[in-house]
Structure formats: C-alpha cells, structure tokens
Amino acid sequence: MPQIRLLLFFPGVDLKRIPTSLSACFVLLSALPAYIFVADGNREGFFSAPASARAALYPDISQPLGEYDLSSHQTLSRVIILLKENYVDPTRVKPKEMFLAALNNIQKTVAEVIVDEKYASEKLVISAGKATHSLHLSDFGGLDQLWEVTMALREVFRFLQEHIYDAETRRNIEYAAINGMLFTLDPHSMLLKPETFDEVRLNTKGEFGGLGIVIAIRDGNLTIISPIASTPAARAGLKAKDHIVRIGEYSTVNMTLEEAVQLLRGKPGSPITIWVKRRTWTEPKPIKLIRAIIKIESVTSKLLDNGIGYIKIKNFQNNTFGDLRMQLEQLKQAQQSQLKGLILDFRNNPGGLLDQAIQISDYFIDNGPLVITVGQGNKKREVRSAHARGTQNTPPLAVLVNGGSASASEIVAGALRNHNRAIVIGQSTFGKGSVQVLYDFKDHSALKLTVAQYLTPGDVSIQSVGITPDIKVEPVHISKERIALFANDHFLREKDLQKHLDQHDASTTQKQTMPSTYHLINVLEPAEDTDEEMNTLDEFRSDFEIELAQNLLGQITSQTRESMLEESSPIIGQKQELAEQELVKRLQKLNIDWNNAPKDLAPDEGNVSLFLKTTPLTSLQAGDDIKLTATLRNTGKTSLYRVYGITSSKNPLFDGLEFAFGRVAPGQKKTWENLVKIPQDYYSRADQITLKLDDAQHVTKAFTTSNIVNI
C-alpha cells in the first residue's frame with residue numbers, strides 16, 4: 001500500500017487521545033464526527049469520514065450490495081470505543097479471545113459462513129458459500145489491542161460484503177460479531193437489535209399499543225397466559241389457556257413469540273382479528289379486537305386486615321415511584337388512619353431503572369448512602385444518598401424477596417435492610433450487583449454495557465451472593481410423585497451464569513453472607529391447575545410469606561429492624577413449631593416417620609449400606625420412564641433419624657432428586673423411588689448419578705453411592 005499522509009480533524013476531541021496508527025484511526029473515523037485529508041501522490045482532498053475516506057483510500061472495495069453496508073462497520077467501531085472507555089473491568093477485555101468469539105458467533109448465526117481455525121499457524125479460513133478468504137492474525141499485530149480486533153473484523157466484513165447479498169443477513173453478521181465479543185465479558189453486556197431495543201423501551205415506558213394479553217408458547221401452541229384487566233382482551237372474554245391459532249391472515253403454527261408480539265401490537269384504534277381455540281369449543285372462533293393503549297402496571301396494592309398495607313412492585317419502570325406514592329396514599333385513605341405496617345413485595349422482580357430504585361429507597365430512608373456505584377477499574381465511585389425531605393418514617397416495613405428478585409429490587413431491599421428500616425423475608429436474592437447503561441445507535445440498535453458494580457450501604461457487595469433474608473422461608477413440596485424437602489430452590493442465580501462478575505471486594509463476603517436470624521419451612525399444597533376464572537394479572541392472592549409478614553407487623557410496635565426481629569421471635573417460634581408438625585403429619589401419610597431425634601440423644605456412628613439402581617437397566621429411549629430406587633439398611637446399633645439422600649448429576653434430569661427414608665431402626669431396610677420421564681426429543685448420552693446421604697444428627701454424611709444411566 002502506498003504511504004498515506006493523514007490530517008485528522010475531530011471537533012471537540014482531545015488530540016492527545018487520537019492513535020497514531022492508520023488502523024486505529026479507522027476505529028475513530030467510523031464512530032466520531034470527523035473529516036480526513038488524504039494525500040498519497042495520486043489523490044488529494046477532504047472527505048467526510050468514514051465512507052468517503054474509505055472509498056478514497058481503498059478503491060478496490062466494491063460498492064455496497066443491498067441496503068446494509070457491512071463493510072462500514074459503524075456499529076462495531078462505536079461499540080469498541082464505548083467498551084474501551086466505560087467497561088467496568090478492563091482485565092476481562094481479551095482482544096484475541098473476543099475476535100475468535102466474534103467469528104464463532106457469526107458462523108453460528110449465519111448458515112452460509114464457515115470459519116476454519118488453524119491455530120498452529122495463526123491462520124483462519126473463512127468461507128461464504130463457495131468463496132474463501134484467508135486471514136493471518138499476525139497481520140493485525142497478534143490482536144493484542146482492541147483496535148486491532150476492529151481492523152481484523154473489518155477485513156472479514158469486506159469479504160462477506162462481497163459474497164452475502166441479503167441486507168438482513170449482513171446486519172445479522174455485524175450484530176453476531178459484536179455479541180460474540182461481548183459474550184466473553186459478562187452475562188449482561190450485549191448488543192440489542194432494533195426490535196429488541198424497542199421492546200426494552202416499551203417496558204421501561206410502561207405502555208404500548210396492543211390488546212392486553214400475556215402470551216407464551218406452550219406445547220407448540222401460542223397460548224394466552226392471562227388477559228390484563230380492563231383491556232380489549234379482557235372485555236372480549238379471552239381467557240387463560242386459550243390458544244391463538246391465527247392472527248389476521250397469518251397462521252401461528254411455528255410462529256415465534258417475537259413474531260406474534262409484533263403482529264398483535266400496533267397503533268391504538270387499529271383493528272385486528274384473531275382466531276381463538278378454547279377447550280370447550282368444537283372449532284376456533286374469530287374475535288375482532290380494537291387495539292388500545294395498554295398500560296403496564298408495575299405497582300399494585302391491597303389493604304389487608306389489621307391495618308396492614310401490601311404493595312407489590314413487579315419491576316422498575318419510568319412511572320414506578322409515582323405509582324408507589326399514589327398506591328400508598330390510597331391505602332392510607334382506605335384505612336382512614338396511619339397504616340400499622342407495610343409489606344413491600346419484590347418477589348420475582350427482575351429490576352429495571354436505577355433512578356426509580358433510588359427514589360423509592362429515599363422515600364423510606366432519611367439519611368445516609370442508598371447505593372454506591374463503582375466504575376471502571378474501581379476508579380469511578382459515586383455515592384447516591386438519602387434526603388430527609390419527604391421521607392416516610394412510618395410505618396414498620398417488611399420486604400419479601402426470593403431468587404427472582406434482582407438488580408434494582410436488590411438495591412431497595414439492601415438499602416432498607418442495611419439502614420435497619422425493614423426486615424427481609426423469603427429466600428436469598430439473585431445476586432446481580434452490576435449496573436448496565438444503554439447506548440443507542442443510528443441504526444436503532446443499542447449497546448447494553450456493564451459500566452459499574454454497585455454496593456449496598458456499608459460498602460457491602462451482593463454481586464454473585466445476593467441479599468440474605470432475616471427470616472429465611474424454605475418451601476417444601478410433598479406428594480406421592482416426588483418430595484422436595486431440601487433442594488426446592490430451583491432459581492437460576494447470577495453465580496450460575498457463565499462469565500459472571502466477581503464480587504467487588506472479597507472482604508465483604510463474610511459480612512453479606514451472615515446467616516439468617518430465623519429459618520422457617522413452608523409446607524406447600526400439591527400444585528393444581530390454575531382456575532380459569534382467576535386469570536387476571538393483578539388479582540391479589542395471599543400466601544405463606546404474605547401472611548407471615550402480616551402477622552408480624554400486626555403484633556410488633558418497633559420501627560427498627562433489630563427491635564422488630566427481637567419482638568418477632570416468639571411469633572416465629574410458634575410458626576416454626578406448627579410448620580414442623582405439619583411436615584411430620586404430611587410425611588406420615590407417605591409412611592415416612594419424620595420425627596426428629598430426641599434432644600438428649602448423643603449422636604452415634606451411623607453405619608449403613610446404600611444401593612442405587614435404575615430400571616430398566618438397558619435400552620432406554622426418549623419418552624421412556626426411568627425409575628431410580630434407593631435402598632438403605634441401618635447396619636448400626638442405634639436408630640437413625642430423618643435420613644434422606646439427594647442426587648447429583650451433570651444431567652439436570654437426575655440432579656437434585658430427593659430420597660426420604662426418615663427414621664431407620666437398627667437392622668431395618670427402607671427404600672424410596674423417583675420416577676423420571678425422558679423427554680421425547682432427548683438425545684443419547686451416558687450420565688453418572690451420585691446419591692449422598694445426610695440425617696438429623698449428620699452421622700451418615702460420608703455415605704454415597706453412584707450409578708450410570710445410558711439413554
């Protein structure tokens with residue numbers, strides 16, 4: 001290539017930050033307002049960056065085919081700059097790994113593209129149909145810098161631009177490359193396609209044009225989960241479990257959920273006809289609906305007995321704080337006096353807007369830090385503090401959380417707990433202690449980038465740990481088919497996600513993971529089909545945690561967390577005793593003696609024999625039932641109490657299965673069975689299943705047995 005003299009003009013840009021290499025310049029040219037002066041002996045002049053400059057410097061590049069110019073890589077270049085300037089943990093940025101991940105994601109996304117990796121020679125061969133292109137990584141400095149990644153991908157994009165003719169496919173190539181890179185960083189950084197970004201904006205705005213139904217794909221059918229009250233869908237009589245078989249002129253067979261949503265939503269006042277199939281109907285019926293503005297209610301409330309208010313916050317969107325204040329005022333008016341207590345329910349709240357979480361926390365806390373955000377490389381620190389003005393110092397608060405409570409809901413729960421303003425009830429939260437910012441681009445896509453971790457008051461990190469409740473409630477399922485006494489928390493949490501961020505400060509782990517003050521079990525009734533008449537989203541249903549919080553707030557007088565817990569102790573003690581009695585009673589119906597070991601019984605050595613077998617042993621196929629039978633014999637001289645086993649396996653079908661034996665007398669043999677159905681579309685594999693024992697006195701903990709299952 002001939003020598004090229006460059007003069008760069010970047011309005012408002014610090015010239016000291018502009019790289020000196022030509023390759024790095026193109027990263028900036030693609031993303032910043034700029035002009036470039038080019039002179040190589042043959043051509044000379046100003047060109048607007050990047051398109052004109054690129055064409056002048058590289059006349060061999062063919063003109064764009066179709067509407068999407070992949071070779072311009074404007075979105076990629078902007079992502080690289082934002083990543084370099086704002087990403088929370090620069091040590092996670094590994095350029096070569098990101099480049100290879102980008103190519104891998106391209107070939108996963110676009111069938112026409114195949115990448116053959118020749119690691120020994122640092123050579124890649126990229127195929128698009130019959131055309132191939134070789135790429136030597138050494139030509140790009142070994143990919144040690146982010147701008148080198150941009151230049152390498154630029155060459156890939158130029159090749160694909162010439163051989164991929166569909167504009168939509170080209171767009172997907174650039175998006176796939178960017179997301180492949182971002183997947184190497186953390187689970188939450190990603191590029192949102194324009195249609196996905198539109199959905200995010202609708203959710204945070206809190207309203208959209210549509211019909212007012214919650215839908216999902218169930219057993220291959222587009223199914224109504226629930227109509228929203230006072231919407232066109234509810235007024236037309238649509239019900240939960242109805243199947244939508246046609247939308248306008250389009251059949252819903254093999255239709256994706258995203259496609260269905262796009263067809264059902266539209267301009268308020270516009271008509272749409274859907275064909276609905278109901279279990280009690282002989283054939284589908286057409287129902288004509290007029291779209292309306294559907295407001296997504298993020299806050300609902302209910303006045304409970306004894307002057308206790310209940311507020312459910314489903315997510316944090318633009319209007320959440322305003323709705324909370326309105327709902328609280330309505331509760332006070334309905335009570336005609338000050339509320340005796342207030343329950344804030346954040347269960348299954350995935351989070352949302354940070355500013356709404358801060359405003360809600362500030363509403364109940366009069367001073368001190370609410371949340372601390374720590375940015376890139378722990379260098380940027382911002383403290384958001386409470387203000388005394390407008391603070392609701394009363395009533396006493398109880399916060400409900402579970403494994404689905406994440407992000408903004410954890411910020412509020414953590415602030416209220418750490419400031420001793422509320423007691424927290426439920427299960428440990430999700431553990432998402434990171435902050436993402438959305439950067440929108442000209443093509444209407446958006447980069448969601450992790451820019452900081454947040455700390456709850458006291459500089460306590462909950463990243464990958466979550467918030468531990470003061471009163472831990474462990475749900476227990478008991479039925480003839482299966483029991484779940486110990487491994488019933490099936491929430492996927494932050495720590496289970498690949499590439500999850502580490503805690504901001506490991507020294508905070510001990511402080512945050514202190515044990516709950518109290519433990520309770522909640523013996524649940526066997527699951528039943530949802531009543532079709534009770535199918536509105538906002539309908540209030542009480543449950544164990546709500547009743548527990550209501551009971552506590554109705555009997556205590558304290559305002560601070562420590563005093564509230566101290567006053568709650570006798571009440572919780574009674575609840576624990578009743579729950580234990582119910583547990584023993586329910587297991588007795590299954591011929592399991594679950595009485596606990598006598599308090600004065602000294603633990604003895606637990607000698608047992610344990611055997612696990614599967615039936616049938618061979619010729620298992622998809623759709624078959626597999627029976628796992630565990631046989632336990634007490635070979636010791638004393639009785640064992642509350643003996644149980646839990647399986648572990650890399651196959652989720654066989655992981656976390658519980659075997660209940662209860663009290664086993666000396667010489668006694670007991671068995672327990674679990675039936676597992678293999679899905680119809682399952683694939684062949686071999687798995688090891690390990691069964692590990694434990695008991696009330698922990699004398700059988702060392703005993704395990706294993707088996708191999710071939711499918």
# chains A, B, ... in the order shown; residues from 1 in each chain; ligands from 1
call {"tool": "closest_atom_pairs", "arguments": {"of": "range 407-521 of chain A", "to": "range 536-555 of chain A", "cutoff": "8 Å", "atoms": "only C-alpha atoms", "output": "Markdown table"}}
result
| residue | atom | partner | partner_atom | distance |
| --- | --- | --- | --- | --- |
| A:Ile425 | CA | A:Glu545 | CA | 7.2 |
| A:Gly426 | CA | A:Glu545 | CA | 6.9 |
| A:Val473 | CA | A:Glu545 | CA | 7.6 |
call {"tool": "residues_around", "arguments": {"residues": "range 317-333 of chain A", "least_positions_apart": "3", "cutoff": "6 Å", "atoms": "only C-alpha atoms", "output": "PyMOL selection string"}}
result
chain A and resi 204-205+336-337+353+356+360
call {"tool": "closest_residue", "arguments": {"among": "A:Arg246, A:Lys701, A:Lys627, A:His444", "to": "Leu192 in chain A", "atoms": "only C-alpha atoms"}}
result
A:His444
call {"tool": "closest_residue", "arguments": {"among": "A:Val214, A:Ser563, A:Phe654, A:Gly667", "to": "Asn707 in chain A", "atoms": "only C-alpha atoms"}}
result
A:Phe654
call {"tool": "closest_residue", "arguments": {"among": "A:Leu344, A:Val424, A:Ile592, A:Ile228", "to": "Met564 in chain A", "atoms": "only C-alpha atoms"}}
result
A:Val424
call {"tool": "residues_around", "arguments": {"residues": "Asn596 in chain A", "least_positions_apart": "4", "cutoff": "9 Å", "atoms": "only C-alpha atoms", "output": "VMD selection string"}}
result
chain A and resid 641 to 642 662 to 663 696
call {"tool": "write_last_selection", "arguments": {"atoms": "C-alpha atoms", "output": "PDB file, in the first residue's frame"}}
result
ATOM      1  CA  TYR A 641     -33.457 -40.021  62.360  1.00  0.00           C
ATOM      2  CA  ARG A 642     -34.601 -38.001  59.360  1.00  0.00           C
ATOM      3  CA  GLY A 662     -36.992 -40.907  57.813  1.00  0.00           C
ATOM      4  CA  ARG A 663     -36.352 -42.912  60.985  1.00  0.00           C
ATOM      5  CA  ALA A 696     -30.774 -35.077  61.613  1.00  0.00           C
TER       6      ALA A 696
END
call {"tool": "residues_around", "arguments": {"residues": "Phe703 in chain A", "least_positions_apart": "3", "cutoff": "10 Å", "atoms": "only C-alpha atoms", "output": "list in words"}}
result
Gly606, Asn607, Val608, Ser609, Leu610, Gly645, Leu691, Lys692, Leu693, Asp694, Val699 and Thr700 of chain A
call {"tool": "write_last_selection", "arguments": {"atoms": "all heavy atoms", "output": "short mmCIF file (atom, residue, chain, number, x, y, z; two decimals), in the first residue's frame"}}
result
data_model
loop_
_atom_site.label_atom_id
_atom_site.label_comp_id
_atom_site.auth_asym_id
_atom_site.auth_seq_id
_atom_site.Cartn_x
_atom_site.Cartn_y
_atom_site.Cartn_z
N GLY A 606 -22.96 -43.66 62.44
CA GLY A 606 -24.02 -44.11 61.56
C GLY A 606 -23.50 -45.08 60.53
O GLY A 606 -22.92 -44.68 59.52
N ASN A 607 -23.72 -46.37 60.77
CA ASN A 607 -23.28 -47.40 59.83
C ASN A 607 -24.47 -47.83 58.98
O ASN A 607 -25.49 -48.28 59.51
CB ASN A 607 -22.70 -48.60 60.57
CG ASN A 607 -21.42 -48.25 61.30
OD1 ASN A 607 -20.54 -47.61 60.72
ND2 ASN A 607 -21.31 -48.64 62.56
N VAL A 608 -24.32 -47.71 57.66
CA VAL A 608 -25.42 -48.06 56.76
C VAL A 608 -24.86 -48.74 55.52
O VAL A 608 -23.65 -48.66 55.23
CB VAL A 608 -26.22 -46.81 56.33
CG1 VAL A 608 -26.84 -46.11 57.52
CG2 VAL A 608 -25.35 -45.86 55.53
N SER A 609 -25.72 -49.42 54.80
CA SER A 609 -25.42 -49.87 53.44
C SER A 609 -26.39 -49.15 52.52
O SER A 609 -27.56 -48.96 52.86
CB SER A 609 -25.55 -51.39 53.31
OG SER A 609 -26.90 -51.79 53.53
N LEU A 610 -25.92 -48.74 51.36
CA LEU A 610 -26.73 -47.93 50.45
C LEU A 610 -26.55 -48.45 49.03
O LEU A 610 -25.43 -48.70 48.59
CB LEU A 610 -26.29 -46.47 50.54
CG LEU A 610 -27.04 -45.45 49.68
CD1 LEU A 610 -28.50 -45.35 50.09
CD2 LEU A 610 -26.39 -44.07 49.79
N GLY A 645 -31.53 -38.63 51.18
CA GLY A 645 -30.45 -38.56 50.20
C GLY A 645 -30.81 -37.60 49.09
O GLY A 645 -31.99 -37.42 48.77
N LEU A 691 -25.68 -40.48 44.76
CA LEU A 691 -26.63 -40.25 45.85
C LEU A 691 -25.85 -40.08 47.15
O LEU A 691 -25.09 -40.96 47.55
CB LEU A 691 -27.61 -41.42 45.97
CG LEU A 691 -28.63 -41.34 47.10
CD1 LEU A 691 -29.55 -40.14 46.92
CD2 LEU A 691 -29.45 -42.63 47.19
N LYS A 692 -26.04 -38.93 47.80
CA LYS A 692 -25.33 -38.62 49.04
C LYS A 692 -26.31 -38.53 50.19
O LYS A 692 -27.35 -37.90 50.09
CB LYS A 692 -24.58 -37.30 48.90
CG LYS A 692 -23.73 -36.93 50.10
CD LYS A 692 -22.94 -35.66 49.85
CE LYS A 692 -22.06 -35.31 51.03
NZ LYS A 692 -21.29 -34.07 50.81
N LEU A 693 -25.95 -39.17 51.33
CA LEU A 693 -26.84 -39.22 52.49
C LEU A 693 -26.56 -38.11 53.49
O LEU A 693 -25.47 -37.55 53.55
CB LEU A 693 -26.67 -40.57 53.22
CG LEU A 693 -27.22 -41.83 52.57
CD1 LEU A 693 -27.01 -43.02 53.51
CD2 LEU A 693 -28.69 -41.69 52.23
N ASP A 694 -27.59 -37.83 54.30
CA ASP A 694 -27.46 -36.99 55.48
C ASP A 694 -28.62 -37.33 56.41
O ASP A 694 -29.54 -38.07 56.03
CB ASP A 694 -27.47 -35.51 55.13
CG ASP A 694 -26.81 -34.64 56.21
OD1 ASP A 694 -26.46 -35.20 57.27
OD2 ASP A 694 -26.67 -33.44 55.99
N VAL A 699 -24.72 -38.05 60.99
CA VAL A 699 -23.79 -39.18 61.21
C VAL A 699 -23.66 -40.06 59.97
O VAL A 699 -22.81 -40.96 59.94
CB VAL A 699 -24.25 -40.04 62.41
CG1 VAL A 699 -24.16 -39.25 63.70
CG2 VAL A 699 -25.66 -40.58 62.19
N THR A 700 -24.46 -39.80 58.93
CA THR A 700 -24.37 -40.61 57.70
C THR A 700 -23.83 -39.81 56.53
O THR A 700 -23.93 -40.23 55.38
CB THR A 700 -25.75 -41.18 57.33
OG1 THR A 700 -26.65 -40.10 57.07
CG2 THR A 700 -26.32 -42.04 58.44
#
